[in-house]
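Engineer: Following this line is query_0.cif, made up of mmCIF, C-alpha atoms, pLDDT in the B column; chains and numbers go by the auth columns:
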data_start
loop_
_atom_site.group_PDB
_atom_site.id
_atom_site.type_symbol
_atom_site.label_atom_id
_atom_site.label_comp_id
_atom_site.label_asym_id
_atom_site.label_seq_id
_atom_site.Cartn_x
_atom_site.Cartn_y
_atom_site.Cartn_z
_atom_site.B_iso_or_equiv
_atom_site.auth_seq_id
_atom_site.auth_asym_id
ATOM 1 C CA MET A 1 71.696 16.164 89.316 88.00 1 A
ATOM 2 C CA ASP A 2 68.799 17.922 87.594 90.00 2 A
ATOM 3 C CA ASP A 3 66.888 18.090 90.870 93.00 3 A
ATOM 4 C CA VAL A 4 69.899 19.710 92.552 94.00 4 A
ATOM 5 C CA LEU A 5 70.502 22.219 89.735 93.00 5 A
ATOM 6 C CA ASN A 6 66.792 23.056 89.587 93.00 6 A
ATOM 7 C CA ASP A 7 66.586 23.764 93.329 94.00 7 A
ATOM 8 C CA SER A 8 65.876 27.474 93.891 94.00 8 A
ATOM 9 C CA SER A 9 68.548 27.850 96.584 91.00 9 A
ATOM 10 C CA ILE A 10 71.183 26.398 94.242 92.00 10 A
ATOM 11 C CA GLN A 11 69.932 28.494 91.318 91.00 11 A
ATOM 12 C CA ASN A 12 70.250 31.626 93.455 88.00 12 A
ATOM 13 C CA ILE A 13 73.933 30.822 93.999 87.00 13 A
ATOM 14 C CA LEU A 14 74.720 29.818 90.421 88.00 14 A
ATOM 15 C CA GLU A 15 72.882 32.623 88.649 86.00 15 A
ATOM 16 C CA ARG A 16 75.543 35.105 89.747 78.00 16 A
ATOM 17 C CA ASN A 17 78.424 33.857 87.589 80.00 17 A
ATOM 18 C CA THR A 18 77.392 30.691 85.791 86.00 18 A
ATOM 19 C CA ASP A 19 76.211 29.588 82.379 86.00 19 A
ATOM 20 C CA ILE A 20 74.992 26.002 82.532 86.00 20 A
ATOM 21 C CA VAL A 21 75.432 23.867 79.431 86.00 21 A
ATOM 22 C CA LYS A 22 74.125 20.316 79.256 89.00 22 A
ATOM 23 C CA VAL A 23 76.033 18.038 76.917 91.00 23 A
ATOM 24 C CA ASN A 24 75.137 14.595 75.611 94.00 24 A
ATOM 25 C CA ILE A 25 78.614 12.999 75.660 94.00 25 A
ATOM 26 C CA HIS A 26 77.675 10.869 72.639 95.00 26 A
ATOM 27 C CA GLY A 27 75.838 13.688 70.842 95.00 27 A
ATOM 28 C CA SER A 28 76.469 15.232 67.472 96.00 28 A
ATOM 29 C CA VAL A 29 74.946 18.657 68.133 95.00 29 A
ATOM 30 C CA ILE A 30 77.388 21.470 67.400 94.00 30 A
ATOM 31 C CA THR A 31 78.154 23.545 70.500 89.00 31 A
ATOM 32 C CA LYS A 32 78.857 27.262 70.799 86.00 32 A
ATOM 33 C CA GLY A 33 82.578 26.440 70.551 84.00 33 A
ATOM 34 C CA LYS A 34 81.973 24.759 67.177 93.00 34 A
ATOM 35 C CA LEU A 35 82.685 21.263 68.511 94.00 35 A
ATOM 36 C CA THR A 36 80.179 18.440 68.609 96.00 36 A
ATOM 37 C CA GLU A 37 78.975 17.457 72.066 94.00 37 A
ATOM 38 C CA LYS A 38 81.056 14.283 71.770 95.00 38 A
ATOM 39 C CA GLU A 39 84.184 16.298 70.863 96.00 39 A
ATOM 40 C CA LEU A 40 83.538 18.685 73.754 93.00 40 A
ATOM 41 C CA ALA A 41 83.225 15.764 76.179 95.00 41 A
ATOM 42 C CA LYS A 42 86.523 14.392 74.858 95.00 42 A
ATOM 43 C CA LYS A 43 88.214 17.803 75.152 94.00 43 A
ATOM 44 C CA TYR A 44 87.275 17.998 78.840 94.00 44 A
ATOM 45 C CA ASN A 45 87.931 14.292 79.466 95.00 45 A
ATOM 46 C CA ILE A 46 84.387 13.497 80.561 95.00 46 A
ATOM 47 C CA LYS A 47 84.106 9.732 80.952 90.00 47 A
ATOM 48 C CA ALA A 48 80.887 9.372 82.919 92.00 48 A
ATOM 49 C CA VAL A 49 77.753 11.307 83.684 94.00 49 A
ATOM 50 C CA PRO A 50 76.906 13.350 85.531 95.00 50 A
ATOM 51 C CA THR A 51 80.102 15.384 85.489 95.00 51 A
ATOM 52 C CA LEU A 52 79.996 19.076 86.265 94.00 52 A
ATOM 53 C CA ILE A 53 82.942 21.247 85.320 94.00 53 A
ATOM 54 C CA PHE A 54 83.309 24.870 86.330 93.00 54 A
ATOM 55 C CA LEU A 55 85.482 26.871 83.929 91.00 55 A
ATOM 56 C CA ASN A 56 86.761 30.416 84.083 88.00 56 A
ATOM 57 C CA THR A 57 86.354 32.875 81.202 86.00 57 A
ATOM 58 C CA SER A 58 89.546 31.460 79.629 89.00 58 A
ATOM 59 C CA SER A 59 88.013 27.949 79.648 86.00 59 A
ATOM 60 C CA GLU A 60 90.437 26.788 82.340 91.00 60 A
ATOM 61 C CA GLU A 61 89.025 24.242 84.751 92.00 61 A
ATOM 62 C CA LEU A 62 88.355 25.564 88.253 92.00 62 A
ATOM 63 C CA LEU A 63 86.406 22.651 89.714 94.00 63 A
ATOM 64 C CA ARG A 64 85.292 19.206 88.533 95.00 64 A
ATOM 65 C CA ILE A 65 82.474 17.317 90.205 95.00 65 A
ATOM 66 C CA PRO A 66 82.181 13.725 88.966 94.00 66 A
ATOM 67 C CA GLY A 67 79.005 11.969 90.022 95.00 67 A
ATOM 68 C CA ALA A 68 75.764 13.006 91.639 95.00 68 A
ATOM 69 C CA LEU A 69 75.616 14.905 94.909 96.00 69 A
ATOM 70 C CA THR A 70 72.915 16.000 97.297 96.00 70 A
ATOM 71 C CA LYS A 71 72.129 19.702 97.159 95.00 71 A
ATOM 72 C CA GLU A 72 73.787 20.186 100.553 95.00 72 A
ATOM 73 C CA ASP A 73 77.014 18.524 99.381 96.00 73 A
ATOM 74 C CA PHE A 74 76.896 20.396 96.074 95.00 74 A
ATOM 75 C CA ARG A 75 76.426 23.743 97.824 93.00 75 A
ATOM 76 C CA SER A 76 79.308 22.982 100.207 93.00 76 A
ATOM 77 C CA LEU A 77 81.626 22.004 97.365 93.00 77 A
ATOM 78 C CA ILE A 78 81.030 25.081 95.257 90.00 78 A
ATOM 79 C CA CYS A 79 80.992 27.453 98.199 90.00 79 A
ATOM 80 C CA ASP A 80 84.174 25.975 99.704 91.00 80 A
ATOM 81 C CA ASN A 81 86.066 25.856 96.392 90.00 81 A
ATOM 82 C CA LEU A 82 84.653 28.782 94.454 89.00 82 A
ATOM 83 C CA TRP A 83 83.707 31.188 97.257 83.00 83 A
ATOM 84 C CA ASN A 84 85.331 34.108 95.412 79.00 84 A
ATOM 85 C CA LEU A 85 82.810 33.653 92.564 79.00 85 A
ATOM 86 C CA TYR A 86 79.712 32.888 94.552 80.00 86 A
ATOM 87 C CA ASN A 87 80.058 34.577 97.967 76.00 87 A
ATOM 88 C CA CYS A 88 78.116 31.780 99.633 77.00 88 A
#
Step by step, read the file and then write its structure as structure tokens.
Structural biologist:
Amino acid sequence: MDDVLNDSSIQNILERNTDIVKVNIHGSVITKGKLTEKELAKKYNIKAVPTLIFLNTSSEELLRIPGALTKEDFRSLICDNLWNLYNC
């Protein structure tokens, strides 16, 4: 998914309302929320990678994307489901 997230057309969409955080689901690094990466993965029920989760400012899940997608499919998913945030 790195190639999709690093694509300039995708970055142009996401930069409007998104903070991207990469988490090692087995990691012990303390996150901004004071949980380890492993605890954060457990909190959001992440079982496999890649998993992308879009949260609102209250940390409520808006969209979950399990697995890798092409940039076209990724763009369609976020624009179809989160159009009010991204105005795609």
Engineer: Convert the output of the PyMOL selection byres ((chain A and resi 23) around 10) on the shown file into explicit residues, formatted as an MDAnalysis selection string.
Structural biologist: chainID A and resid 20:22 24:29 31 36:38 40:41 49:51
Engineer: What's around Leu63 (chain A) at 8 Å? Count all atoms listed in the file, leave out sequence neighbours fewer than 2 positions away in its own chain, and write the answer as an MDAnalysis selection string.
Structural biologist: chainID A and resid 53:55 61 65 81:82
Engineer: Could you work out how far CA of Gly33 (chain A) lies from CA of Ile10 (chain A), giving the answer in Å with one decimal?
Structural biologist: 26.3 Å
Engineer: To one decimal in Å, tell me the separation between CA of Asn87 (chain A) and CA of Tyr44 (chain A).
Structural biologist: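 Separating CA of Asn87 (chain A) from CA of Tyr44 (chain A) is a distance of 26.3 Å.
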Engineer: Report, in Å to a single decimal, how far apart CA of Thr70 (chain A) and CA of Asn6 (chain A) are.
Structural biologist: 12.1 Å
Engineer: Return as a VMD selection string the set of residues that the PyMOL selection byres ((chain A and resi 86) around 9) yields on the displayed structure.
Structural biologist: chain A and resid 13 to 14 16 to 17 78 to 79 82 to 85 87 to 88
Engineer: Determine the residue set returned by the PyMOL selection byres ((chain A and resi 71) around 12) for the present structure, and present it as a VMD selection string.
Structural biologist: chain A and resid 1 to 11 13 68 to 70 72 to 79
Engineer: Which is closest to Asn56 (chain A) among A:Lys42, A:Lys32, A:Asp19, A:Asn12, if we use all atoms listed in the file?
Structural biologist: A:Asp19
Engineer: Output, as JSON, the centre and edge lengths in Å (one decimal) of the axis-aligned box that contains all listed atoms of region 56-74 of chain A with 4 Å of margin on each side.
Structural biologist:
{"center_x": 81.3, "center_y": 22.4, "center_z": 90.1, "size_x": 26.3, "size_y": 28.9, "size_z": 28.9}
